[in-house]
There are 2 protein chains.
Amino acid sequence: MGISERKKREKESQQKRRQAEILDAAKRVFHRKGYSAATVDDIARSAELSPAALYLYFKNKDDIYVSLNLQLLNYLFERLSALEKDKGLNADKKVEALKKLFYDVFCFDHLILVNLFHLQASDGLQNLPPERADRLNEIASSCLRILSSILEEGMNQGLFNRHHPTALADIIWSTFTGTVLWEESKRMVNPEKNFFKETFGLAIDLFRKSIQAQRAVGSSAACGRL
Amino acid sequence: MGISERKKREKESQQKRRQAEILDAAKRVFHRKGYSAATVDDIARSAELSPAALYLYFKNKDDIYVSLNLQLLNYLFERLSALEKDKGLNADKKVEALKKLFYDVFCFDHLILVNLFHLQASDGLQNLPPERADRLNEIASSCLRILSSILEEGMNQGLFNRHHPTALADIIWSTFTGTVLWEESKRMVNPEKNFFKETFGLAIDLFRKSIQAQRAVGSSAACGRL
DNA sequence: CAGTTAAATGAACGGCGTTTAGCAAGGCAG
DNA sequence: CTGCCTTGCTAAACGCCGTTCATTTAACTG
């Protein structure tokens, strides 16, 4: 039984390795050709497998694609978790740290990121294995939850004016999403320019300023939500 | 010659009418099924034409789609133009008016809007007739230009702190894009909820507050109470 | 060596965007 | 009316691509 155990383990790890190989190949192809132009044949060839083989490890093309997105969301989640737990920073500093954090996520793989957002509100999520769709939603809302808890922390510390934390988190996320898409779109005309870092950095700076409680000038402190 | 002129005119207007009919039919289908699920057959059936007939009036499916988006962008452009020229509002009030303006654009056709943004940074724009692609870029950058000129006006009036106007315009546009996508994405889980107006309104309020020159913060603006 | 299982494939299927060759109807000259 | 041309449209076919299935190959077991 020890032997059959080992075999089972080896089999599983072998399968995971294949999956990872396919994902790597897919990533290369998606990079080169974009989502819709990349064919399953391309991915298969890049992975040195037959197209049919991919369907032993993924349900369909979208599934491959979403799996790549999950890698990226996982990275985002890890970074956000670490930031949330960081005792050395107050909430305001944490918001400032979002500049670098999201920039790193952007650098992690900005092409995948663009298509993640495309997927976000599209109809492409309907024929996914439900387990994968659930995981996607779960991790996305975890990230949002962390954001809003950081903001709430700031309000409780008296650093930020009171607003609905969820709404603020939505705004941060929307700004991130929109900036990635818009800057990427501009890059299709001017491929060499990349202003994501500057634009998003400025957006976060303005955002911080707009929610910071101003102790000296009393009037703004009364700002309430809704 | 008068006769052949008239015939020519009649023919052209007849063609335009067909185009408009097709676009209306396409709009209905895209609404019902979304972009990728909608087939050319669906659109043709809805327009009571054969699929092949559509290709007499549009280059391909994407072309039909982009033409719909152009209608929407035109609407946005008209509204922005009117706002820019409005003598009754100072720059700060104009920025505040963006809340309603963008909300109206959202209401104009939020499903088309979502897909406009999908298209924005995707590879779907490569096989368009260049005339259409140019028009798309042209109108989009016109809108951005108006935004940034409103902001610059505010800076010159001493209402706003100095920033790169283009960067600020990008931020507004990105926030709009991102909010539409994110709220639409949330609506796929909870179809009855729609927080676009509130979220985007708050985002604009915060944005205004963050760029307002301190002195000028009089009665009108200060806190983003909705 | 036979039997079983796992991994992978080649070939085919079906949907869909697109193209092409050709048809029907109306105008117009003779 | 007849033959011909133009205009607007279509039926059928093409080709690409995602996906599936029957089959093969290889490895392991007893």
# chains A, B, ... in the order shown; residues from 1 in each chain; ligands from 1
call {"tool": "closest_atom_pairs", "arguments": {"of": "chain D", "to": "chain A", "cutoff": "9 Å", "atoms": "only C-alpha atoms (C1' of nucleotides)", "output": "JSON lines"}}
result
{"residue": "D:DC17", "atom": "C1'", "partner": "A:Thr39", "partner_atom": "CA", "distance": 7.2}
{"residue": "D:DG18", "atom": "C1'", "partner": "A:Val40", "partner_atom": "CA", "distance": 7.4}
{"residue": "D:DT19", "atom": "C1'", "partner": "A:Asn60", "partner_atom": "CA", "distance": 8.0}
{"residue": "D:DT20", "atom": "C1'", "partner": "A:Ala52", "partner_atom": "CA", "distance": 8.5}
call {"tool": "residues_around", "arguments": {"residues": "DC21 in chain D", "least_positions_apart": "6", "cutoff": "12 Å", "atoms": "only C-alpha atoms (C1' of nucleotides)", "output": "ChimeraX atom specification"}}
result
/A:52 /C:9-13
call {"tool": "write_last_selection", "arguments": {"atoms": "C-alpha atoms (C1' of nucleotides)", "output": "tab-separated table (two decimals), in the first residue's frame"}}
result
chain	number	residue	atom	x	y	z
A	52	ALA	CA	-7.06	16.97	-27.92
C	9	DT	C1'	-3.55	11.25	-30.69
C	10	DG	C1'	-5.67	11.66	-35.58
C	11	DA	C1'	-9.68	12.23	-37.64
C	12	DA	C1'	-14.03	13.87	-37.73
C	13	DC	C1'	-18.02	16.96	-36.27
call {"tool": "residues_around", "arguments": {"residues": "Ile64 in chain A", "least_positions_apart": "6", "cutoff": "9 Å", "atoms": "only C-alpha atoms (C1' of nucleotides)", "output": "number ranges by chain"}}
result
A: 22-23, 26, 54, 57-58
call {"tool": "select_by_dssp", "arguments": {"residues": "range 48-213 of chain B", "states": "alpha helix (DSSP H)", "output": "compact mmCIF listing (two decimals) with N, CA and C atoms, in the first residue's frame"}}
result
# COMPACT_ATOMS: atom_id res chain seq x y z
N PRO B 51 -28.01 36.45 -44.05
CA PRO B 51 -26.71 36.82 -43.46
C PRO B 51 -25.81 37.51 -44.48
N ALA B 52 -25.82 37.00 -45.69
CA ALA B 52 -24.92 37.58 -46.69
C ALA B 52 -25.22 39.04 -46.96
N ALA B 53 -26.49 39.41 -46.82
CA ALA B 53 -26.87 40.80 -47.12
C ALA B 53 -26.16 41.78 -46.19
N LEU B 54 -25.92 41.35 -44.97
CA LEU B 54 -25.27 42.26 -44.02
C LEU B 54 -23.90 42.69 -44.54
N TYR B 55 -23.27 41.79 -45.28
CA TYR B 55 -21.92 42.09 -45.74
C TYR B 55 -21.92 43.07 -46.92
N LEU B 56 -23.11 43.42 -47.39
CA LEU B 56 -23.19 44.49 -48.39
C LEU B 56 -23.14 45.85 -47.72
N TYR B 57 -23.44 45.87 -46.43
CA TYR B 57 -23.51 47.16 -45.73
C TYR B 57 -22.42 47.32 -44.67
N LYS B 61 -18.71 41.36 -38.78
CA LYS B 61 -19.47 41.44 -37.53
C LYS B 61 -18.94 42.56 -36.62
N ASP B 62 -17.62 42.62 -36.49
CA ASP B 62 -17.03 43.67 -35.67
C ASP B 62 -17.42 45.05 -36.15
N ASP B 63 -17.50 45.18 -37.45
CA ASP B 63 -17.83 46.49 -38.02
C ASP B 63 -19.23 46.91 -37.59
N ILE B 64 -20.16 45.98 -37.63
CA ILE B 64 -21.52 46.28 -37.15
C ILE B 64 -21.44 46.74 -35.71
N TYR B 65 -20.67 46.00 -34.97
CA TYR B 65 -20.58 46.25 -33.56
C TYR B 65 -20.00 47.61 -33.24
N VAL B 66 -18.91 47.92 -33.92
CA VAL B 66 -18.26 49.20 -33.70
C VAL B 66 -19.17 50.35 -34.11
N SER B 67 -19.98 50.13 -35.14
CA SER B 67 -20.89 51.19 -35.56
C SER B 67 -21.88 51.52 -34.45
N LEU B 68 -22.32 50.51 -33.75
CA LEU B 68 -23.19 50.75 -32.60
C LEU B 68 -22.46 51.58 -31.56
N ASN B 69 -21.21 51.21 -31.31
CA ASN B 69 -20.44 51.93 -30.33
C ASN B 69 -20.25 53.39 -30.73
N LEU B 70 -20.12 53.62 -32.01
CA LEU B 70 -19.95 54.98 -32.48
C LEU B 70 -21.17 55.83 -32.17
N GLN B 71 -22.36 55.25 -32.30
CA GLN B 71 -23.57 55.98 -31.92
C GLN B 71 -23.46 56.47 -30.48
N LEU B 72 -23.01 55.56 -29.63
CA LEU B 72 -22.93 55.89 -28.22
C LEU B 72 -21.86 56.95 -27.96
N LEU B 73 -20.72 56.77 -28.60
CA LEU B 73 -19.65 57.76 -28.42
C LEU B 73 -20.08 59.12 -28.95
N ASN B 74 -20.85 59.11 -30.02
CA ASN B 74 -21.35 60.37 -30.54
C ASN B 74 -22.21 61.08 -29.51
N TYR B 75 -23.07 60.30 -28.88
CA TYR B 75 -23.92 60.88 -27.84
C TYR B 75 -23.05 61.48 -26.73
N LEU B 76 -22.06 60.72 -26.29
CA LEU B 76 -21.16 61.24 -25.26
C LEU B 76 -20.50 62.53 -25.72
N PHE B 77 -20.05 62.52 -26.95
CA PHE B 77 -19.36 63.69 -27.46
C PHE B 77 -20.27 64.92 -27.49
N GLU B 78 -21.51 64.72 -27.93
CA GLU B 78 -22.46 65.84 -27.97
C GLU B 78 -22.66 66.42 -26.58
N ARG B 79 -22.86 65.53 -25.62
CA ARG B 79 -23.08 66.00 -24.26
C ARG B 79 -21.87 66.75 -23.72
N LEU B 80 -20.70 66.20 -23.98
CA LEU B 80 -19.49 66.86 -23.48
C LEU B 80 -19.29 68.22 -24.14
N SER B 81 -19.54 68.27 -25.43
CA SER B 81 -19.42 69.55 -26.13
C SER B 81 -20.33 70.59 -25.52
N ALA B 82 -21.58 70.20 -25.31
CA ALA B 82 -22.54 71.14 -24.73
C ALA B 82 -22.07 71.61 -23.36
N LEU B 83 -21.55 70.67 -22.58
CA LEU B 83 -21.10 71.04 -21.24
C LEU B 83 -19.93 72.01 -21.31
N GLU B 84 -19.00 71.71 -22.20
CA GLU B 84 -17.82 72.56 -22.31
C GLU B 84 -18.23 74.00 -22.61
N LYS B 85 -19.22 74.14 -23.49
CA LYS B 85 -19.59 75.48 -23.93
C LYS B 85 -20.52 76.20 -22.97
N ALA B 91 -15.79 75.76 -13.87
CA ALA B 91 -15.18 74.45 -14.12
C ALA B 91 -15.58 73.44 -13.05
N ASP B 92 -15.67 73.91 -11.82
CA ASP B 92 -16.00 72.98 -10.75
C ASP B 92 -17.40 72.42 -10.93
N LYS B 93 -18.32 73.30 -11.26
CA LYS B 93 -19.69 72.84 -11.51
C LYS B 93 -19.74 71.89 -12.70
N LYS B 94 -18.89 72.17 -13.66
CA LYS B 94 -18.86 71.29 -14.83
C LYS B 94 -18.41 69.89 -14.44
N VAL B 95 -17.41 69.84 -13.60
CA VAL B 95 -16.95 68.52 -13.16
C VAL B 95 -18.08 67.83 -12.39
N GLU B 96 -18.78 68.60 -11.59
CA GLU B 96 -19.90 67.98 -10.87
C GLU B 96 -20.95 67.47 -11.84
N ALA B 97 -21.13 68.24 -12.92
CA ALA B 97 -22.14 67.84 -13.91
C ALA B 97 -21.76 66.55 -14.62
N LEU B 98 -20.50 66.18 -14.53
CA LEU B 98 -20.08 64.93 -15.17
C LEU B 98 -20.80 63.73 -14.58
N LYS B 99 -21.18 63.86 -13.30
CA LYS B 99 -21.91 62.76 -12.67
C LYS B 99 -23.14 62.41 -13.47
N LYS B 100 -23.96 63.43 -13.69
CA LYS B 100 -25.20 63.17 -14.44
C LYS B 100 -24.92 62.82 -15.89
N LEU B 101 -23.93 63.51 -16.45
CA LEU B 101 -23.62 63.29 -17.86
C LEU B 101 -23.24 61.83 -18.12
N PHE B 102 -22.30 61.34 -17.33
CA PHE B 102 -21.87 59.97 -17.54
C PHE B 102 -22.96 58.97 -17.16
N TYR B 103 -23.78 59.36 -16.20
CA TYR B 103 -24.88 58.47 -15.86
C TYR B 103 -25.86 58.36 -17.02
N ASP B 104 -26.11 59.48 -17.67
CA ASP B 104 -26.98 59.44 -18.85
C ASP B 104 -26.39 58.57 -19.95
N VAL B 105 -25.08 58.70 -20.13
CA VAL B 105 -24.43 57.86 -21.14
C VAL B 105 -24.57 56.39 -20.77
N PHE B 106 -24.40 56.13 -19.49
CA PHE B 106 -24.58 54.76 -18.99
C PHE B 106 -25.98 54.26 -19.32
N CYS B 107 -26.98 55.11 -19.08
CA CYS B 107 -28.36 54.71 -19.33
C CYS B 107 -28.66 54.59 -20.82
N PHE B 108 -27.97 55.38 -21.61
CA PHE B 108 -28.18 55.38 -23.06
C PHE B 108 -28.15 53.95 -23.58
N HIS B 110 -26.23 50.65 -21.55
CA HIS B 110 -25.08 50.20 -20.76
C HIS B 110 -24.52 48.88 -21.26
N LEU B 111 -25.30 48.10 -22.01
CA LEU B 111 -24.76 46.84 -22.51
C LEU B 111 -23.79 47.09 -23.64
N ILE B 112 -24.16 48.00 -24.53
CA ILE B 112 -23.22 48.38 -25.58
C ILE B 112 -21.96 48.94 -24.96
N LEU B 113 -22.16 49.73 -23.92
CA LEU B 113 -21.04 50.38 -23.25
C LEU B 113 -20.02 49.37 -22.72
N VAL B 114 -20.53 48.35 -22.07
CA VAL B 114 -19.64 47.33 -21.54
C VAL B 114 -18.77 46.76 -22.65
N ASN B 115 -19.41 46.45 -23.75
CA ASN B 115 -18.65 45.84 -24.82
C ASN B 115 -17.75 46.83 -25.54
N LEU B 116 -18.14 48.09 -25.49
CA LEU B 116 -17.24 49.10 -26.02
C LEU B 116 -15.91 49.04 -25.30
N PHE B 117 -15.99 48.91 -23.99
CA PHE B 117 -14.76 48.86 -23.22
C PHE B 117 -14.01 47.56 -23.45
N HIS B 118 -14.76 46.52 -23.67
CA HIS B 118 -14.08 45.26 -24.01
C HIS B 118 -13.27 45.45 -25.28
N LEU B 119 -13.91 46.10 -26.23
CA LEU B 119 -13.26 46.31 -27.51
C LEU B 119 -12.05 47.22 -27.36
N GLN B 120 -12.16 48.14 -26.40
CA GLN B 120 -11.22 49.24 -26.29
C GLN B 120 -9.77 48.80 -26.35
N PRO B 130 -10.51 50.83 -42.14
CA PRO B 130 -9.69 51.84 -41.46
C PRO B 130 -10.46 53.13 -41.21
N GLU B 131 -11.40 53.43 -42.08
CA GLU B 131 -12.18 54.66 -41.91
C GLU B 131 -12.95 54.59 -40.58
N ARG B 132 -13.48 53.41 -40.30
CA ARG B 132 -14.25 53.26 -39.06
C ARG B 132 -13.33 53.32 -37.83
N ALA B 133 -12.20 52.67 -37.93
CA ALA B 133 -11.26 52.67 -36.82
C ALA B 133 -10.78 54.09 -36.53
N ASP B 134 -10.51 54.84 -37.59
CA ASP B 134 -10.06 56.22 -37.43
C ASP B 134 -11.12 57.05 -36.71
N ARG B 135 -12.35 56.88 -37.19
CA ARG B 135 -13.45 57.65 -36.60
C ARG B 135 -13.56 57.36 -35.10
N LEU B 136 -13.39 56.09 -34.77
CA LEU B 136 -13.47 55.68 -33.37
C LEU B 136 -12.40 56.37 -32.54
N ASN B 137 -11.18 56.30 -33.01
CA ASN B 137 -10.09 56.93 -32.28
C ASN B 137 -10.29 58.44 -32.18
N GLU B 138 -10.71 59.00 -33.29
CA GLU B 138 -10.86 60.44 -33.36
C GLU B 138 -11.88 60.94 -32.34
N ILE B 139 -13.03 60.29 -32.30
CA ILE B 139 -14.08 60.77 -31.40
C ILE B 139 -13.70 60.52 -29.95
N ALA B 140 -13.03 59.40 -29.70
CA ALA B 140 -12.61 59.11 -28.34
C ALA B 140 -11.63 60.17 -27.86
N SER B 141 -10.68 60.52 -28.69
CA SER B 141 -9.70 61.50 -28.22
C SER B 141 -10.32 62.89 -28.14
N SER B 142 -11.34 63.16 -28.96
CA SER B 142 -12.05 64.43 -28.82
C SER B 142 -12.68 64.53 -27.43
N CYS B 143 -13.30 63.45 -27.00
CA CYS B 143 -13.93 63.45 -25.68
C CYS B 143 -12.89 63.71 -24.59
N LEU B 144 -11.77 63.02 -24.71
CA LEU B 144 -10.72 63.22 -23.72
C LEU B 144 -10.22 64.66 -23.74
N ARG B 145 -10.12 65.21 -24.94
CA ARG B 145 -9.62 66.57 -25.05
C ARG B 145 -10.56 67.56 -24.35
N ILE B 146 -11.86 67.34 -24.51
CA ILE B 146 -12.81 68.22 -23.85
C ILE B 146 -12.66 68.12 -22.33
N LEU B 147 -12.58 66.90 -21.86
CA LEU B 147 -12.41 66.71 -20.42
C LEU B 147 -11.21 67.49 -19.93
N SER B 148 -10.09 67.32 -20.62
CA SER B 148 -8.89 67.94 -20.09
C SER B 148 -8.96 69.46 -20.25
N SER B 149 -9.72 69.94 -21.23
CA SER B 149 -9.80 71.41 -21.36
C SER B 149 -10.68 71.99 -20.26
N ILE B 150 -11.70 71.24 -19.85
CA ILE B 150 -12.50 71.70 -18.71
C ILE B 150 -11.63 71.80 -17.45
N LEU B 151 -10.80 70.78 -17.27
CA LEU B 151 -9.95 70.77 -16.08
C LEU B 151 -8.95 71.91 -16.12
N GLU B 152 -8.38 72.13 -17.30
CA GLU B 152 -7.40 73.20 -17.42
C GLU B 152 -8.06 74.55 -17.15
N GLU B 153 -9.27 74.69 -17.66
CA GLU B 153 -10.03 75.92 -17.40
C GLU B 153 -10.13 76.16 -15.89
N GLY B 154 -10.43 75.09 -15.16
CA GLY B 154 -10.54 75.21 -13.71
C GLY B 154 -9.23 75.63 -13.06
N MET B 155 -8.14 75.13 -13.59
CA MET B 155 -6.84 75.51 -13.04
C MET B 155 -6.57 76.98 -13.31
N ASN B 156 -6.86 77.41 -14.54
CA ASN B 156 -6.62 78.80 -14.87
C ASN B 156 -7.51 79.74 -14.07
N PRO B 165 -3.33 68.20 -17.01
CA PRO B 165 -4.76 68.03 -17.33
C PRO B 165 -5.05 66.72 -18.03
N THR B 166 -4.16 66.31 -18.91
CA THR B 166 -4.38 65.05 -19.61
C THR B 166 -4.44 63.87 -18.64
N ALA B 167 -3.55 63.90 -17.67
CA ALA B 167 -3.54 62.82 -16.69
C ALA B 167 -4.86 62.78 -15.93
N LEU B 168 -5.35 63.97 -15.56
CA LEU B 168 -6.62 64.01 -14.84
C LEU B 168 -7.77 63.50 -15.71
N ALA B 169 -7.75 63.91 -16.96
CA ALA B 169 -8.80 63.44 -17.87
C ALA B 169 -8.74 61.92 -18.00
N ASP B 170 -7.53 61.40 -18.09
CA ASP B 170 -7.38 59.94 -18.15
C ASP B 170 -7.97 59.29 -16.91
N ILE B 171 -7.76 59.91 -15.78
CA ILE B 171 -8.26 59.33 -14.54
C ILE B 171 -9.79 59.31 -14.54
N ILE B 172 -10.39 60.41 -14.97
CA ILE B 172 -11.86 60.43 -15.04
C ILE B 172 -12.36 59.33 -15.97
N TRP B 173 -11.76 59.28 -17.13
CA TRP B 173 -12.20 58.29 -18.11
C TRP B 173 -11.99 56.86 -17.57
N SER B 174 -10.84 56.64 -16.97
CA SER B 174 -10.56 55.30 -16.43
C SER B 174 -11.55 54.94 -15.35
N THR B 175 -11.86 55.91 -14.51
CA THR B 175 -12.81 55.63 -13.44
C THR B 175 -14.17 55.28 -14.01
N PHE B 176 -14.56 56.02 -15.02
CA PHE B 176 -15.83 55.72 -15.68
C PHE B 176 -15.82 54.30 -16.25
N THR B 177 -14.82 54.04 -17.07
CA THR B 177 -14.67 52.70 -17.65
C THR B 177 -14.72 51.61 -16.59
N GLY B 178 -13.88 51.77 -15.61
CA GLY B 178 -13.75 50.74 -14.58
C GLY B 178 -15.04 50.55 -13.81
N THR B 179 -15.70 51.65 -13.49
CA THR B 179 -16.94 51.53 -12.72
C THR B 179 -18.01 50.81 -13.52
N VAL B 180 -18.13 51.17 -14.79
CA VAL B 180 -19.12 50.48 -15.63
C VAL B 180 -18.84 48.98 -15.62
N LEU B 181 -17.60 48.62 -15.88
CA LEU B 181 -17.27 47.20 -15.97
C LEU B 181 -17.49 46.48 -14.65
N TRP B 182 -17.04 47.12 -13.59
CA TRP B 182 -17.11 46.44 -12.30
C TRP B 182 -18.55 46.31 -11.82
N GLU B 183 -19.31 47.37 -11.98
CA GLU B 183 -20.70 47.29 -11.54
C GLU B 183 -21.48 46.28 -12.40
N GLU B 184 -21.15 46.27 -13.68
CA GLU B 184 -21.82 45.31 -14.55
C GLU B 184 -21.46 43.89 -14.15
N SER B 185 -20.19 43.74 -13.78
CA SER B 185 -19.73 42.43 -13.35
C SER B 185 -20.45 41.98 -12.08
N LYS B 186 -20.64 42.91 -11.17
CA LYS B 186 -21.36 42.56 -9.94
C LYS B 186 -22.82 42.23 -10.24
N ARG B 187 -23.34 42.88 -11.27
CA ARG B 187 -24.73 42.62 -11.62
C ARG B 187 -24.95 41.22 -12.17
N PHE B 196 -24.25 51.71 -10.07
CA PHE B 196 -23.37 52.56 -10.88
C PHE B 196 -23.49 54.03 -10.48
N LYS B 197 -24.72 54.50 -10.40
CA LYS B 197 -24.91 55.93 -10.15
C LYS B 197 -24.25 56.36 -8.84
N GLU B 198 -24.48 55.59 -7.79
CA GLU B 198 -23.92 55.95 -6.49
C GLU B 198 -22.40 55.88 -6.51
N THR B 199 -21.88 54.76 -7.01
CA THR B 199 -20.43 54.58 -6.96
C THR B 199 -19.72 55.65 -7.79
N PHE B 200 -20.19 55.83 -9.01
CA PHE B 200 -19.51 56.81 -9.86
C PHE B 200 -19.70 58.22 -9.32
N GLY B 201 -20.88 58.48 -8.79
CA GLY B 201 -21.12 59.80 -8.20
C GLY B 201 -20.14 60.08 -7.07
N LEU B 202 -19.97 59.09 -6.22
CA LEU B 202 -19.03 59.26 -5.11
C LEU B 202 -17.61 59.46 -5.64
N ALA B 203 -17.27 58.69 -6.65
CA ALA B 203 -15.92 58.80 -7.21
C ALA B 203 -15.67 60.22 -7.72
N ILE B 204 -16.65 60.77 -8.42
CA ILE B 204 -16.48 62.14 -8.93
C ILE B 204 -16.40 63.15 -7.79
N ASP B 205 -17.25 62.95 -6.78
CA ASP B 205 -17.19 63.86 -5.63
C ASP B 205 -15.81 63.86 -4.99
N LEU B 206 -15.27 62.66 -4.81
CA LEU B 206 -13.95 62.57 -4.20
C LEU B 206 -12.91 63.20 -5.12
N PHE B 207 -13.04 62.93 -6.39
CA PHE B 207 -12.10 63.50 -7.35
C PHE B 207 -12.12 65.02 -7.29
N ARG B 208 -13.31 65.58 -7.29
CA ARG B 208 -13.43 67.04 -7.22
C ARG B 208 -12.74 67.57 -5.98
N LYS B 209 -13.06 66.95 -4.87
CA LYS B 209 -12.50 67.42 -3.62
C LYS B 209 -10.97 67.38 -3.65
N SER B 210 -10.45 66.36 -4.29
CA SER B 210 -9.01 66.17 -4.24
C SER B 210 -8.26 67.17 -5.12
N ILE B 211 -8.93 67.74 -6.10
CA ILE B 211 -8.21 68.70 -6.94
C ILE B 211 -8.56 70.14 -6.62
call {"tool": "residues_around", "arguments": {"residues": "DA13 in chain D", "least_positions_apart": "3", "cutoff": "12 Å", "atoms": "only C-alpha atoms (C1' of nucleotides)", "output": "ChimeraX atom specification"}}
result
/C:18-21
call {"tool": "write_last_selection", "arguments": {"atoms": "N, CA and C atoms (P, O5', C5', C4', C3', O3' and C1' of nucleotides)", "output": "PDB file, in the first residue's frame"}}
result
ATOM      1  P    DT C  18     -16.807  38.099 -40.097  1.00  0.00           P
ATOM      2  O5'  DT C  18     -16.738  37.471 -41.557  1.00  0.00           O
ATOM      3  C5'  DT C  18     -15.638  36.614 -41.876  1.00  0.00           C
ATOM      4  C4'  DT C  18     -15.797  36.049 -43.269  1.00  0.00           C
ATOM      5  C3'  DT C  18     -16.168  37.073 -44.350  1.00  0.00           C
ATOM      6  O3'  DT C  18     -15.101  37.120 -45.290  1.00  0.00           O
ATOM      7  C1'  DT C  18     -17.426  35.055 -44.564  1.00  0.00           C
ATOM      8  P    DT C  19     -15.190  38.088 -46.572  1.00  0.00           P
ATOM      9  O5'  DT C  19     -15.561  37.048 -47.712  1.00  0.00           O
ATOM     10  C5'  DT C  19     -14.853  35.818 -47.773  1.00  0.00           C
ATOM     11  C4'  DT C  19     -15.265  35.035 -49.015  1.00  0.00           C
ATOM     12  C3'  DT C  19     -15.478  35.872 -50.286  1.00  0.00           C
ATOM     13  O3'  DT C  19     -14.908  35.160 -51.366  1.00  0.00           O
ATOM     14  C1'  DT C  19     -17.439  34.645 -49.786  1.00  0.00           C
ATOM     15  P    DT C  20     -14.703  35.870 -52.781  1.00  0.00           P
ATOM     16  O5'  DT C  20     -15.513  34.913 -53.762  1.00  0.00           O
ATOM     17  C5'  DT C  20     -15.770  33.563 -53.372  1.00  0.00           C
ATOM     18  C4'  DT C  20     -16.898  32.991 -54.196  1.00  0.00           C
ATOM     19  C3'  DT C  20     -17.211  33.742 -55.497  1.00  0.00           C
ATOM     20  O3'  DT C  20     -17.573  32.813 -56.503  1.00  0.00           O
ATOM     21  C1'  DT C  20     -19.137  33.646 -54.201  1.00  0.00           C
ATOM     22  P    DA C  21     -17.299  33.099 -58.037  1.00  0.00           P
ATOM     23  O5'  DA C  21     -18.336  32.119 -58.758  1.00  0.00           O
ATOM     24  C5'  DA C  21     -18.869  30.998 -58.040  1.00  0.00           C
ATOM     25  C4'  DA C  21     -20.361  30.905 -58.294  1.00  0.00           C
ATOM     26  C3'  DA C  21     -20.802  31.412 -59.666  1.00  0.00           C
ATOM     27  O3'  DA C  21     -21.769  30.526 -60.199  1.00  0.00           O
ATOM     28  C1'  DA C  21     -21.970  32.584 -57.978  1.00  0.00           C
TER      29       DA C  21
END
call {"tool": "decode", "arguments": {"residues": "range 82-95 of chain B", "atoms": "N, CA and C atoms", "output": "PDB file, in the first residue's frame"}}
result
ATOM      1  N   ALA B  82     -21.585  70.203 -25.313  1.00  0.00           N
ATOM      2  CA  ALA B  82     -22.544  71.139 -24.729  1.00  0.00           C
ATOM      3  C   ALA B  82     -22.073  71.605 -23.358  1.00  0.00           C
ATOM      4  N   LEU B  83     -21.551  70.671 -22.584  1.00  0.00           N
ATOM      5  CA  LEU B  83     -21.100  71.036 -21.241  1.00  0.00           C
ATOM      6  C   LEU B  83     -19.928  72.007 -21.306  1.00  0.00           C
ATOM      7  N   GLU B  84     -19.002  71.706 -22.199  1.00  0.00           N
ATOM      8  CA  GLU B  84     -17.818  72.557 -22.314  1.00  0.00           C
ATOM      9  C   GLU B  84     -18.225  74.003 -22.607  1.00  0.00           C
ATOM     10  N   LYS B  85     -19.220  74.140 -23.492  1.00  0.00           N
ATOM     11  CA  LYS B  85     -19.588  75.482 -23.935  1.00  0.00           C
ATOM     12  C   LYS B  85     -20.522  76.196 -22.968  1.00  0.00           C
ATOM     13  N   ASP B  86     -21.010  75.500 -21.982  1.00  0.00           N
ATOM     14  CA  ASP B  86     -21.991  76.090 -21.068  1.00  0.00           C
ATOM     15  C   ASP B  86     -21.374  77.246 -20.275  1.00  0.00           C
ATOM     16  N   LYS B  87     -21.870  78.458 -20.544  1.00  0.00           N
ATOM     17  CA  LYS B  87     -21.299  79.628 -19.878  1.00  0.00           C
ATOM     18  C   LYS B  87     -21.807  79.766 -18.447  1.00  0.00           C
ATOM     19  N   GLY B  88     -22.882  79.094 -18.136  1.00  0.00           N
ATOM     20  CA  GLY B  88     -23.485  79.259 -16.816  1.00  0.00           C
ATOM     21  C   GLY B  88     -22.785  78.507 -15.705  1.00  0.00           C
ATOM     22  N   LEU B  89     -21.801  77.691 -16.056  1.00  0.00           N
ATOM     23  CA  LEU B  89     -21.152  76.871 -15.036  1.00  0.00           C
ATOM     24  C   LEU B  89     -19.661  77.153 -14.992  1.00  0.00           C
ATOM     25  N   ASN B  90     -19.117  77.242 -13.815  1.00  0.00           N
ATOM     26  CA  ASN B  90     -17.654  77.300 -13.722  1.00  0.00           C
ATOM     27  C   ASN B  90     -17.110  75.873 -13.823  1.00  0.00           C
ATOM     28  N   ALA B  91     -15.786  75.758 -13.867  1.00  0.00           N
ATOM     29  CA  ALA B  91     -15.184  74.449 -14.119  1.00  0.00           C
ATOM     30  C   ALA B  91     -15.576  73.441 -13.051  1.00  0.00           C
ATOM     31  N   ASP B  92     -15.668  73.909 -11.824  1.00  0.00           N
ATOM     32  CA  ASP B  92     -15.997  72.979 -10.745  1.00  0.00           C
ATOM     33  C   ASP B  92     -17.403  72.425 -10.929  1.00  0.00           C
ATOM     34  N   LYS B  93     -18.315  73.303 -11.261  1.00  0.00           N
ATOM     35  CA  LYS B  93     -19.692  72.845 -11.506  1.00  0.00           C
ATOM     36  C   LYS B  93     -19.741  71.893 -12.700  1.00  0.00           C
ATOM     37  N   LYS B  94     -18.886  72.168 -13.662  1.00  0.00           N
ATOM     38  CA  LYS B  94     -18.859  71.286 -14.831  1.00  0.00           C
ATOM     39  C   LYS B  94     -18.412  69.885 -14.443  1.00  0.00           C
ATOM     40  N   VAL B  95     -17.408  69.842 -13.601  1.00  0.00           N
ATOM     41  CA  VAL B  95     -16.952  68.519 -13.159  1.00  0.00           C
ATOM     42  C   VAL B  95     -18.075  67.828 -12.395  1.00  0.00           C
TER      43      VAL B  95
END
